[in-house]
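What follows is a single structure, written as structure tokens, with notes after it.
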Amino acid sequence: SRSRCSVIIIGAGISGISAAKVLAENGVDDVMILEASDRIGGRIRKEGFGGVSVELGAGWIAGVGGKESNPVWELARQSGLRTCFSDYSNARYNIYDPSGKIFPSEEAADSYRKAVESAIRKLRAEEDNHGGDVARLSEPLSVPKTPIELAIDFILHDFEMAEVEPISTYVDFGEREFLVADERGYESLLHKMAETFLLTSDGEIMDSRLKLNKVVRELQQSRNGATVTTEDGCVYEANYVILSVSIGVLQSDLISFRPPLPRWKTEAIETCDVMVYTKIFLKFPYKFWPCGPDKEFFIYAHERRGYYTFWQHMENAYPGSNILVVTLTNGESKRVEAQSDQETLKEAMEVLRNMFGPEIPNATDILVPRWFNNRFQRGSYSNYPIYANHQMVHDIKAPVGRIFFTGEHTSERFNGYVHGGYLAGIDTSNALLEDMRREKERKLESQTFL
Ligand code: FAD
């Protein structure tokens with residue numbers, strides 16, 4: 001049976017939920033939220049591991065302590081979310097070589113300074129060259145070669161350290177970052193938001209407007225409305241659609257559009273890079289790593305860039321949990337996603353034995369998230385190329401007929417972040433409400449003429 005509602009929202013991550021909330025606050029409550037997985041939250045997701053709650057997706061509230069307040073930090077404060085300040089500045093003094101020696105602090109600081117300078121020069125060159133071939137520039141740029149140079153290059157580029165380029169998140173909201181360390185999870189912020197407009201019972205969302213396990217496969221639109229078909233053969237009709245799936249999903253063939261999306265749209269979607277970011281959690285019977293607060297982050301310098309480079313102990317977040325986290329990105333993430341967790345465990349243990357000696361205990365448990373192979377994600381977050389212009393983000397965000405786009409990738413200033421998704425949802429719903437108002441006016445006008 002078919003029922004028609006005002007708006008169908010596809011995806012119940014932070015952007016879909018914030019979009020729905022804005023609609024509800026403006027009196028549009030005949031909405032339907034279709035979510036492919038069996039839960040709300042999307043890339044904000046906790047899981048029980050080693051006796052605590054760990055965040056497989058977003059872990060930090062980034063951008064705190066500045067002039068303007070980060071709206072996600074506000075939500076966290078309102079719900080009393082437990083967080084823990086992360087001080088990355090010491091990571092450069094905890095760089096291990098493969099024989100377990102820590103690089104002397106002067107040498108590490110010097111390498112770091114040089115890497116920042118060279119990264120800034122490279123960035124300028126790329127900007128001047130609009131993404132063209134920087135190798136042909138008159139002044140040759142130094143290429144990181146040694147393990148320590150490679151490790152620092154990885155930290156600077158794959159983790160977006162603010163030293164290299166001004167990042168709007170830090171410019172607007174401040175440079176501090178807080179790790180979410182709360183048993184209820186980062187996702188409790190979403191639940192709290194959802195509870196303001198969806199019916200709940202005993203903390204569970206019971207509202208029939210939220211439909212889980214509904215994988216949208218086809219989106220058809222005409223002048224008058226849109227029809228959405230899901231994998232299980234259900235058909236839903238609406239005046240408008242808000243599509244919040246990730247850029248990776250848009251690049252895949254999961255959803256087909258009828259008529260097909262215009263060329264300007266598909267080209268913009270194709271040009272946006274997708275980052276893969278993988279936090280691997282390891283549980284140990286006891287601690288064998290240095291535990292001071294200035295030792296929270298440490299680095300493994302290896303001849304292969306990004307090979308188990310960036311480590312964090314969870315003693316600040318959860319004292320006594322005996323958990324280590326190592327973060328891989330892109331190529332290394334995909335490689336590890338494709339192999340068994342046992343193989344990954346073996347590799348990680350070898351790296352740890354290089355750093356801390358052969359006598360350390362084996363990990364008793366491992367958790368390897370697979371964001372890239374998840375067909376509802378296809379990556380971790382959007383990453384606009386440095387030469388991306390305003391037009392590209394504009395095109396990714398721009399509605400096509402009755403389909404409105406949202407999600408972190410549509411946020412020009414904060415793409416890649418939770419607050420980017422949150423603000424994008426608000427933005428998209430406001431644009432849609434404006435469209436609805438105009439449509440109503442047009443209808444009224446044509447009626448007066450009759
Ligand atoms: P999503 O959360 O992806 O929501 C989209 C929803 O659409 C999903 O629930 C998905 O299941 C659903 N969907 C997909 N396809 C379909 C379909 N065909 N039909 C129906 N539903 C569908 N941000 C930070 O601010 N700080 C961090 O520390 C941080 N770290 C991160 C670490 C990792 C590993 C990852 C993956 C992300 C991280 N991020 C971080 C980014 C942040 O998580 C995202 O920017 C944000 O959560 C995206 O929200 P969204 O609503 O745009 O998308």
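We label chains A, B, ... in the order they appear in the structure tokens, count residues from 1 in each chain, and number ligands from 1 in the order shown.
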
Counting only C-alpha atoms and all ligand atoms, which residues of chain A sit at most 7 Å from some atom of ligand 1, and what is each one's closest atom pair with its distance in Å to one decimal, listed by chain and rising residue number, as a tab-separated table?
```
residue	atom	partner	partner_atom_place_in_ligand_line	distance
A:Ile10	CA	ligand 1	20 (C)	5.1
A:Gly11	CA	ligand 1	7 (O)	3.2
A:Ala12	CA	ligand 1	9 (O)	4.7
A:Gly13	CA	ligand 1	4 (O)	3.4
A:Ile14	CA	ligand 1	51 (O)	4.1
A:Ser15	CA	ligand 1	51 (O)	3.7
A:Gly16	CA	ligand 1	51 (O)	5.5
A:Leu34	CA	ligand 1	20 (C)	5.4
A:Glu35	CA	ligand 1	21 (N)	3.9
A:Ala36	CA	ligand 1	21 (N)	3.8
A:Ser37	CA	ligand 1	11 (O)	5.0
A:Ile40	CA	ligand 1	9 (O)	5.9
A:Gly41	CA	ligand 1	9 (O)	5.6
A:Gly42	CA	ligand 1	9 (O)	3.2
A:Arg43	CA	ligand 1	2 (O)	3.9
A:Ile44	CA	ligand 1	47 (O)	5.1
A:Leu56	CA	ligand 1	34 (C)	5.8
A:Gly57	CA	ligand 1	33 (C)	3.6
A:Ala58	CA	ligand 1	30 (N)	3.3
A:Gly59	CA	ligand 1	28 (O)	4.0
A:Trp60	CA	ligand 1	28 (O)	3.6
A:Ile61	CA	ligand 1	26 (N)	5.3
A:Ala62	CA	ligand 1	25 (O)	5.6
A:Lys214	CA	ligand 1	20 (C)	5.7
A:Val215	CA	ligand 1	19 (N)	3.9
A:Val216	CA	ligand 1	19 (N)	3.8
A:Arg217	CA	ligand 1	18 (N)	5.7
A:Ser244	CA	ligand 1	5 (C)	5.3
A:Val245	CA	ligand 1	7 (O)	4.3
A:Ser246	CA	ligand 1	3 (O)	5.1
A:Val249	CA	ligand 1	15 (N)	6.1
A:Leu254	CA	ligand 1	18 (N)	6.0
A:Ile255	CA	ligand 1	18 (N)	5.9
A:Tyr277	CA	ligand 1	34 (C)	4.9
A:Thr278	CA	ligand 1	34 (C)	5.2
A:Lys279	CA	ligand 1	34 (C)	6.3
A:Trp371	CA	ligand 1	36 (C)	6.2
A:Phe376	CA	ligand 1	14 (C)	4.0
A:Gln377	CA	ligand 1	3 (O)	5.9
A:Gly379	CA	ligand 1	36 (C)	6.8
A:Ser380	CA	ligand 1	36 (C)	3.6
A:Tyr381	CA	ligand 1	41 (C)	5.6
A:Thr406	CA	ligand 1	52 (O)	6.9
A:Gly407	CA	ligand 1	52 (O)	3.2
A:Glu408	CA	ligand 1	52 (O)	4.0
A:His409	CA	ligand 1	52 (O)	6.6
A:Asn415	CA	ligand 1	45 (O)	6.7
A:Gly416	CA	ligand 1	45 (O)	4.3
A:Tyr417	CA	ligand 1	25 (O)	3.4
A:Val418	CA	ligand 1	25 (O)	3.8
A:His419	CA	ligand 1	25 (O)	5.9
A:Gly420	CA	ligand 1	45 (O)	6.3
A:Gly421	CA	ligand 1	52 (O)	4.4
```

N, CA and C atoms of the current selection, written as a short mmCIF file (atom, residue, chain, number, x, y, z; two decimals), in the first residue's frame:
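What ended up in part-v3.cif:
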```
data_model
loop_
_atom_site.label_atom_id
_atom_site.label_comp_id
_atom_site.auth_asym_id
_atom_site.auth_seq_id
_atom_site.Cartn_x
_atom_site.Cartn_y
_atom_site.Cartn_z
N ILE A 10 16.04 10.18 3.82
CA ILE A 10 16.77 8.91 3.65
C ILE A 10 18.05 8.98 4.47
N GLY A 11 18.13 8.11 5.49
CA GLY A 11 19.30 8.07 6.35
C GLY A 11 19.03 8.70 7.71
N ALA A 12 19.36 7.97 8.77
CA ALA A 12 19.14 8.47 10.13
C ALA A 12 20.45 8.66 10.88
N GLY A 13 21.39 9.30 10.21
CA GLY A 13 22.61 9.75 10.89
C GLY A 13 22.34 11.12 11.49
N ILE A 14 23.39 11.79 11.92
CA ILE A 14 23.19 13.08 12.58
C ILE A 14 22.52 14.10 11.66
N SER A 15 22.85 14.07 10.35
CA SER A 15 22.26 15.08 9.45
C SER A 15 20.79 14.80 9.20
N GLY A 16 20.44 13.52 9.02
CA GLY A 16 19.04 13.17 8.80
C GLY A 16 18.19 13.50 10.02
N LEU A 34 13.65 6.85 6.41
CA LEU A 34 14.01 5.49 5.99
C LEU A 34 15.49 5.27 6.23
N GLU A 35 15.81 4.30 7.05
CA GLU A 35 17.21 4.03 7.40
C GLU A 35 17.55 2.59 7.01
N ALA A 36 18.67 2.44 6.30
CA ALA A 36 19.07 1.13 5.77
C ALA A 36 19.47 0.14 6.86
N SER A 37 20.15 0.62 7.89
CA SER A 37 20.64 -0.29 8.93
C SER A 37 19.57 -0.48 10.00
N ILE A 40 19.69 4.01 14.46
CA ILE A 40 19.99 5.38 14.06
C ILE A 40 21.43 5.67 14.48
N GLY A 41 22.02 6.71 13.90
CA GLY A 41 23.38 7.07 14.32
C GLY A 41 24.37 7.13 13.16
N GLY A 42 24.21 6.21 12.19
CA GLY A 42 25.13 6.20 11.05
C GLY A 42 26.57 6.07 11.50
N ARG A 43 27.38 7.06 11.13
CA ARG A 43 28.80 7.01 11.43
C ARG A 43 29.13 7.41 12.86
N ILE A 44 28.12 7.58 13.67
CA ILE A 44 28.32 7.75 15.12
C ILE A 44 27.84 6.46 15.72
N LEU A 56 33.37 3.45 17.32
CA LEU A 56 33.92 2.93 16.05
C LEU A 56 34.00 4.02 14.99
N GLY A 57 33.09 4.97 15.06
CA GLY A 57 33.07 6.08 14.10
C GLY A 57 33.61 7.32 14.78
N ALA A 58 32.86 8.41 14.66
CA ALA A 58 33.31 9.66 15.27
C ALA A 58 33.63 9.44 16.74
N GLY A 59 34.78 9.96 17.17
CA GLY A 59 35.19 9.80 18.56
C GLY A 59 35.37 11.12 19.28
N TRP A 60 35.66 12.15 18.51
CA TRP A 60 35.98 13.44 19.13
C TRP A 60 34.95 14.51 18.82
N ILE A 61 34.81 15.43 19.74
CA ILE A 61 34.15 16.69 19.42
C ILE A 61 35.31 17.63 19.11
N ALA A 62 35.44 17.96 17.84
CA ALA A 62 36.58 18.75 17.39
C ALA A 62 36.16 20.20 17.25
N LYS A 214 15.39 -0.31 6.03
CA LYS A 214 14.78 0.05 4.74
C LYS A 214 15.88 0.60 3.84
N VAL A 215 16.36 -0.26 2.96
CA VAL A 215 17.46 0.12 2.07
C VAL A 215 16.88 0.74 0.80
N VAL A 216 17.05 2.02 0.63
CA VAL A 216 16.52 2.68 -0.56
C VAL A 216 17.36 2.29 -1.77
N ARG A 217 16.68 1.82 -2.84
CA ARG A 217 17.38 1.41 -4.05
C ARG A 217 17.03 2.27 -5.25
N SER A 244 20.41 11.89 2.71
CA SER A 244 21.55 12.18 3.60
C SER A 244 22.64 11.12 3.52
N VAL A 245 22.58 10.22 2.54
CA VAL A 245 23.60 9.16 2.47
C VAL A 245 24.96 9.76 2.16
N SER A 246 26.01 9.04 2.55
CA SER A 246 27.38 9.56 2.44
C SER A 246 27.81 9.75 0.99
N VAL A 249 28.44 6.47 -0.70
CA VAL A 249 27.23 5.79 -1.18
C VAL A 249 26.74 6.46 -2.47
N LEU A 254 24.33 2.01 -5.30
CA LEU A 254 23.28 1.53 -4.40
C LEU A 254 21.91 2.14 -4.75
N ILE A 255 21.90 3.42 -5.03
CA ILE A 255 20.63 4.09 -5.33
C ILE A 255 20.62 4.51 -6.80
N TYR A 277 39.11 5.81 7.40
CA TYR A 277 39.77 6.04 8.69
C TYR A 277 39.34 4.89 9.60
N THR A 278 40.30 4.14 10.08
CA THR A 278 39.98 2.92 10.82
C THR A 278 40.66 2.91 12.18
N LYS A 279 39.86 2.84 13.21
CA LYS A 279 40.41 2.74 14.56
C LYS A 279 40.35 1.28 14.98
N TRP A 371 34.48 0.34 7.65
CA TRP A 371 33.65 1.42 7.08
C TRP A 371 33.66 1.39 5.56
N PHE A 376 26.51 0.75 3.16
CA PHE A 376 25.76 1.95 3.55
C PHE A 376 26.70 3.10 3.92
N GLN A 377 27.99 2.91 3.78
CA GLN A 377 28.96 3.96 4.09
C GLN A 377 29.98 4.16 2.98
N GLY A 379 33.21 4.24 3.12
CA GLY A 379 34.27 5.17 3.52
C GLY A 379 33.92 5.83 4.83
N SER A 380 34.81 6.71 5.29
CA SER A 380 34.58 7.33 6.60
C SER A 380 34.08 8.76 6.52
N TYR A 381 34.70 9.56 5.69
CA TYR A 381 34.17 10.93 5.52
C TYR A 381 34.72 11.58 4.26
N THR A 406 21.73 16.41 1.76
CA THR A 406 22.33 16.84 3.02
C THR A 406 23.42 15.84 3.43
N GLY A 407 23.99 16.02 4.62
CA GLY A 407 25.08 15.15 5.07
C GLY A 407 26.35 15.97 5.22
N GLU A 408 27.30 15.42 5.96
CA GLU A 408 28.54 16.17 6.24
C GLU A 408 29.20 16.69 4.98
N HIS A 409 29.09 15.93 3.87
CA HIS A 409 29.75 16.32 2.62
C HIS A 409 29.12 17.54 1.98
N ASN A 415 32.82 20.07 6.49
CA ASN A 415 32.65 18.71 5.97
C ASN A 415 33.62 17.76 6.68
N GLY A 416 33.17 16.55 6.88
CA GLY A 416 34.02 15.55 7.54
C GLY A 416 33.82 15.46 9.04
N TYR A 417 33.00 16.35 9.59
CA TYR A 417 32.82 16.36 11.04
C TYR A 417 31.36 16.15 11.45
N VAL A 418 31.18 15.76 12.70
CA VAL A 418 29.84 15.60 13.25
C VAL A 418 29.08 16.93 13.19
N HIS A 419 29.74 18.01 13.61
CA HIS A 419 29.03 19.30 13.57
C HIS A 419 28.72 19.70 12.14
N GLY A 420 29.54 19.24 11.18
CA GLY A 420 29.25 19.49 9.76
C GLY A 420 27.94 18.83 9.37
N GLY A 421 27.77 17.57 9.77
CA GLY A 421 26.53 16.85 9.49
C GLY A 421 25.33 17.50 10.17
#
```

Extract, using only C-alpha atoms, all DNA, RNA and protein residues at most 9 Å from segment 84-88 of chain A, discarding same-chain residues fewer than 5 positions from it, and format them as a JSON list (two decimals) with C-alpha atoms, in the first residue's frame.
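Output file result_18.json follows:
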```json
[["chain", "number", "residue", "atom", "x", "y", "z"],
["A", 60, "TRP", "CA", 35.98, 13.44, 19.13],
["A", 176, "ARG", "CA", 40.74, 21.96, 21.38],
["A", 177, "GLU", "CA", 39.43, 18.44, 20.85],
["A", 178, "PHE", "CA", 37.57, 16.29, 23.33],
["A", 179, "LEU", "CA", 37.31, 12.53, 23.16],
["A", 180, "VAL", "CA", 33.89, 11.16, 23.96],
["A", 181, "ALA", "CA", 34.29, 8.66, 26.80],
["A", 293, "PRO", "CA", 48.90, 11.98, 30.21],
["A", 294, "ASP", "CA", 51.70, 13.28, 27.96],
["A", 296, "GLU", "CA", 48.53, 9.30, 25.48],
["A", 297, "PHE", "CA", 49.48, 9.50, 21.81],
["A", 316, "ASN", "CA", 42.91, 8.83, 30.22],
["A", 317, "ALA", "CA", 39.45, 7.98, 28.91]]
```

Please provide as JSON, numbers by chain all residues within 7 Å of segment 91-98 of chain A, with the sequence filter that same-chain residues fewer than 6 positions apart are discarded (counting only C-alpha atoms). {"A": [105, 108, 109, 295, 297, 298, 299, 300, 301, 302, 354, 355]}

Output file for the residues above (N, CA and C atoms, as a compact mmCIF listing (two decimals), in the first residue's frame):
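Saved to result_5.txt:
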```txt
# COMPACT_ATOMS: atom_id res chain seq x y z
N SER A 105 64.10 14.32 21.62
CA SER A 105 63.06 15.33 21.41
C SER A 105 63.49 16.44 20.44
N ALA A 108 63.12 15.10 16.94
CA ALA A 108 61.70 14.96 16.59
C ALA A 108 61.08 16.32 16.32
N ALA A 109 61.38 17.29 17.21
CA ALA A 109 60.80 18.63 17.05
C ALA A 109 61.29 19.26 15.76
N LYS A 295 51.76 10.91 27.44
CA LYS A 295 52.12 9.73 26.64
C LYS A 295 50.89 9.14 25.95
N PHE A 297 49.32 9.79 23.24
CA PHE A 297 49.48 9.50 21.81
C PHE A 297 50.92 9.16 21.52
N PHE A 298 51.13 8.10 20.77
CA PHE A 298 52.50 7.78 20.37
C PHE A 298 52.54 7.28 18.93
N ILE A 299 53.75 7.36 18.38
CA ILE A 299 53.90 7.17 16.94
C ILE A 299 54.93 6.09 16.65
N TYR A 300 54.62 5.26 15.69
CA TYR A 300 55.57 4.24 15.25
C TYR A 300 56.10 4.66 13.89
N ALA A 301 57.41 4.85 13.79
CA ALA A 301 58.02 5.28 12.52
C ALA A 301 58.52 4.05 11.77
N HIS A 302 57.94 3.81 10.62
CA HIS A 302 58.24 2.62 9.84
C HIS A 302 58.56 3.05 8.42
N ASN A 354 58.07 -4.63 18.50
CA ASN A 354 59.20 -3.79 18.07
C ASN A 354 59.35 -2.59 18.99
N MET A 355 58.23 -2.01 19.38
CA MET A 355 58.30 -0.81 20.22
C MET A 355 58.60 -1.15 21.68
```

Show me, as a PDB file with N, CA and C atoms, in the first residue's frame, the residues that have an atom within 12 Å of Ile167 of chain A when counting only C-alpha atoms, minus same-chain residues fewer than 4 positions from it.
```pdb
ATOM      1  N   ALA A  62      35.439  17.957  17.841  1.00  0.00           N
ATOM      2  CA  ALA A  62      36.584  18.750  17.394  1.00  0.00           C
ATOM      3  C   ALA A  62      36.158  20.199  17.247  1.00  0.00           C
ATOM      4  N   GLY A  63      36.995  21.105  17.743  1.00  0.00           N
ATOM      5  CA  GLY A  63      36.677  22.519  17.636  1.00  0.00           C
ATOM      6  C   GLY A  63      35.953  22.989  18.891  1.00  0.00           C
ATOM      7  N   PHE A 159      45.690  13.305   9.388  1.00  0.00           N
ATOM      8  CA  PHE A 159      44.947  13.683  10.591  1.00  0.00           C
ATOM      9  C   PHE A 159      44.588  15.157  10.638  1.00  0.00           C
ATOM     10  N   GLU A 160      44.822  15.874   9.532  1.00  0.00           N
ATOM     11  CA  GLU A 160      44.431  17.276   9.476  1.00  0.00           C
ATOM     12  C   GLU A 160      44.919  18.084  10.659  1.00  0.00           C
ATOM     13  N   MET A 161      46.233  18.134  10.833  1.00  0.00           N
ATOM     14  CA  MET A 161      46.751  18.986  11.896  1.00  0.00           C
ATOM     15  C   MET A 161      46.660  20.440  11.435  1.00  0.00           C
ATOM     16  N   ALA A 162      46.193  21.283  12.340  1.00  0.00           N
ATOM     17  CA  ALA A 162      45.858  22.659  11.963  1.00  0.00           C
ATOM     18  C   ALA A 162      47.081  23.506  11.628  1.00  0.00           C
ATOM     19  N   GLU A 163      48.288  22.975  11.901  1.00  0.00           N
ATOM     20  CA  GLU A 163      49.472  23.796  11.641  1.00  0.00           C
ATOM     21  C   GLU A 163      49.650  24.108  10.162  1.00  0.00           C
ATOM     22  N   VAL A 171      39.304  27.328  13.337  1.00  0.00           N
ATOM     23  CA  VAL A 171      39.243  28.785  13.238  1.00  0.00           C
ATOM     24  C   VAL A 171      37.964  29.291  13.916  1.00  0.00           C
ATOM     25  N   ASP A 172      36.836  28.649  13.616  1.00  0.00           N
ATOM     26  CA  ASP A 172      35.556  29.129  14.139  1.00  0.00           C
ATOM     27  C   ASP A 172      35.308  28.729  15.594  1.00  0.00           C
ATOM     28  N   PHE A 173      35.618  27.479  15.917  1.00  0.00           N
ATOM     29  CA  PHE A 173      35.180  26.950  17.219  1.00  0.00           C
ATOM     30  C   PHE A 173      36.302  26.759  18.238  1.00  0.00           C
ATOM     31  N   GLY A 174      37.542  26.913  17.813  1.00  0.00           N
ATOM     32  CA  GLY A 174      38.658  26.726  18.732  1.00  0.00           C
ATOM     33  C   GLY A 174      39.435  25.468  18.430  1.00  0.00           C
ATOM     34  N   GLU A 175      40.649  25.399  18.972  1.00  0.00           N
ATOM     35  CA  GLU A 175      41.563  24.331  18.552  1.00  0.00           C
ATOM     36  C   GLU A 175      41.539  23.093  19.434  1.00  0.00           C
ATOM     37  N   ILE A 386      42.238  19.941  -2.264  1.00  0.00           N
ATOM     38  CA  ILE A 386      42.667  21.283  -1.875  1.00  0.00           C
ATOM     39  C   ILE A 386      42.218  22.324  -2.891  1.00  0.00           C
ATOM     40  N   GLU A 412      30.059  23.229   3.598  1.00  0.00           N
ATOM     41  CA  GLU A 412      31.250  23.821   2.995  1.00  0.00           C
ATOM     42  C   GLU A 412      32.336  24.086   4.026  1.00  0.00           C
ATOM     43  N   ARG A 413      31.959  24.523   5.216  1.00  0.00           N
ATOM     44  CA  ARG A 413      32.979  24.854   6.214  1.00  0.00           C
ATOM     45  C   ARG A 413      33.386  23.664   7.079  1.00  0.00           C
ATOM     46  N   PHE A 414      32.459  22.723   7.288  1.00  0.00           N
ATOM     47  CA  PHE A 414      32.747  21.693   8.295  1.00  0.00           C
ATOM     48  C   PHE A 414      32.593  20.268   7.783  1.00  0.00           C
ATOM     49  N   ASN A 415      32.823  20.067   6.495  1.00  0.00           N
ATOM     50  CA  ASN A 415      32.652  18.712   5.967  1.00  0.00           C
ATOM     51  C   ASN A 415      33.618  17.759   6.681  1.00  0.00           C
ATOM     52  N   GLY A 416      33.172  16.547   6.879  1.00  0.00           N
ATOM     53  CA  GLY A 416      34.017  15.547   7.539  1.00  0.00           C
ATOM     54  C   GLY A 416      33.817  15.459   9.044  1.00  0.00           C
ATOM     55  N   TYR A 417      33.004  16.352   9.587  1.00  0.00           N
ATOM     56  CA  TYR A 417      32.823  16.364  11.043  1.00  0.00           C
ATOM     57  C   TYR A 417      31.363  16.147  11.450  1.00  0.00           C
TER      58      TYR A 417
END
```

Would you mind listing what lies within 7 Å of Asn383 of chain A as a ChimeraX atom specification, with only C-alpha atoms counted and same-chain residues fewer than 2 positions away left out? /A:272-275,381,385,416

Could you write out the selected residues, including N, CA and C atoms, as an mmCIF file, in the first residue's frame?
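That gives us out_39.cif:
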```cif
data_model
loop_
_atom_site.group_PDB
_atom_site.id
_atom_site.type_symbol
_atom_site.label_atom_id
_atom_site.label_comp_id
_atom_site.auth_asym_id
_atom_site.auth_seq_id
_atom_site.Cartn_x
_atom_site.Cartn_y
_atom_site.Cartn_z
ATOM 1 N N CYS A 272 34.764 14.480 -5.389
ATOM 2 C CA CYS A 272 35.041 14.548 -3.950
ATOM 3 C C CYS A 272 35.717 13.258 -3.479
ATOM 4 N N ASP A 273 36.823 13.395 -2.770
ATOM 5 C CA ASP A 273 37.523 12.210 -2.257
ATOM 6 C C ASP A 273 36.828 11.656 -1.016
ATOM 7 N N VAL A 274 36.963 10.354 -0.857
ATOM 8 C CA VAL A 274 36.440 9.720 0.348
ATOM 9 C C VAL A 274 37.622 9.222 1.178
ATOM 10 N N MET A 275 37.687 9.658 2.416
ATOM 11 C CA MET A 275 38.737 9.190 3.334
ATOM 12 C C MET A 275 38.257 7.904 3.996
ATOM 13 N N TYR A 381 34.699 9.564 5.689
ATOM 14 C CA TYR A 381 34.174 10.926 5.515
ATOM 15 C C TYR A 381 34.724 11.583 4.258
ATOM 16 N N PRO A 385 39.255 17.921 -2.354
ATOM 17 C CA PRO A 385 40.627 18.204 -2.777
ATOM 18 C C PRO A 385 40.952 19.665 -2.484
ATOM 19 N N GLY A 416 33.172 16.547 6.879
ATOM 20 C CA GLY A 416 34.017 15.547 7.539
ATOM 21 C C GLY A 416 33.817 15.459 9.044
#
```

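Compared by their closest atoms to Arg437 of chain A, and using only C-alpha atoms, the residues A:Glu267, A:Val28, A:Glu315, A:Ser256 rank with A:Val28 nearest.
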
DSSP-assigned strand (DSSP E) members of segment 126-364 of chain A, reported as a PyMOL selection string: chain A and resi 176-180+200-201+204-205+210-211+216-221+226-230+235-243+256-258+273-275+277-283+297-300+310-313+323-329

Each segment 96-158 of chain A residue no farther than 12 Å from segment 323-327 of chain A, nearest pair in Å, only C-alpha atoms, as a tab-separated table:
```
residue	atom	partner	partner_atom	distance
A:Phe154	CA	A:Thr327	CA	11.0
A:Ile155	CA	A:Thr327	CA	10.4
A:Asp158	CA	A:Thr327	CA	10.2
```

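Between atom CA of Asp182 of chain A and atom CA of Arg82 of chain A the separation is 5.0 Å.
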
Would you mind telling me which residue in A:Arg124, A:Glu74, A:Arg375, A:Glu337 lies nearest to Gly248 of chain A when using only C-alpha atoms? A:Arg375

Find the residue from A:Met193, A:Ala363, A:Met206, A:Ile152 that sits nearest to Leu282 of chain A; use only C-alpha atoms when measuring.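 Ranked by minimum distance to Leu282 of chain A, first place goes to A:Ala363.
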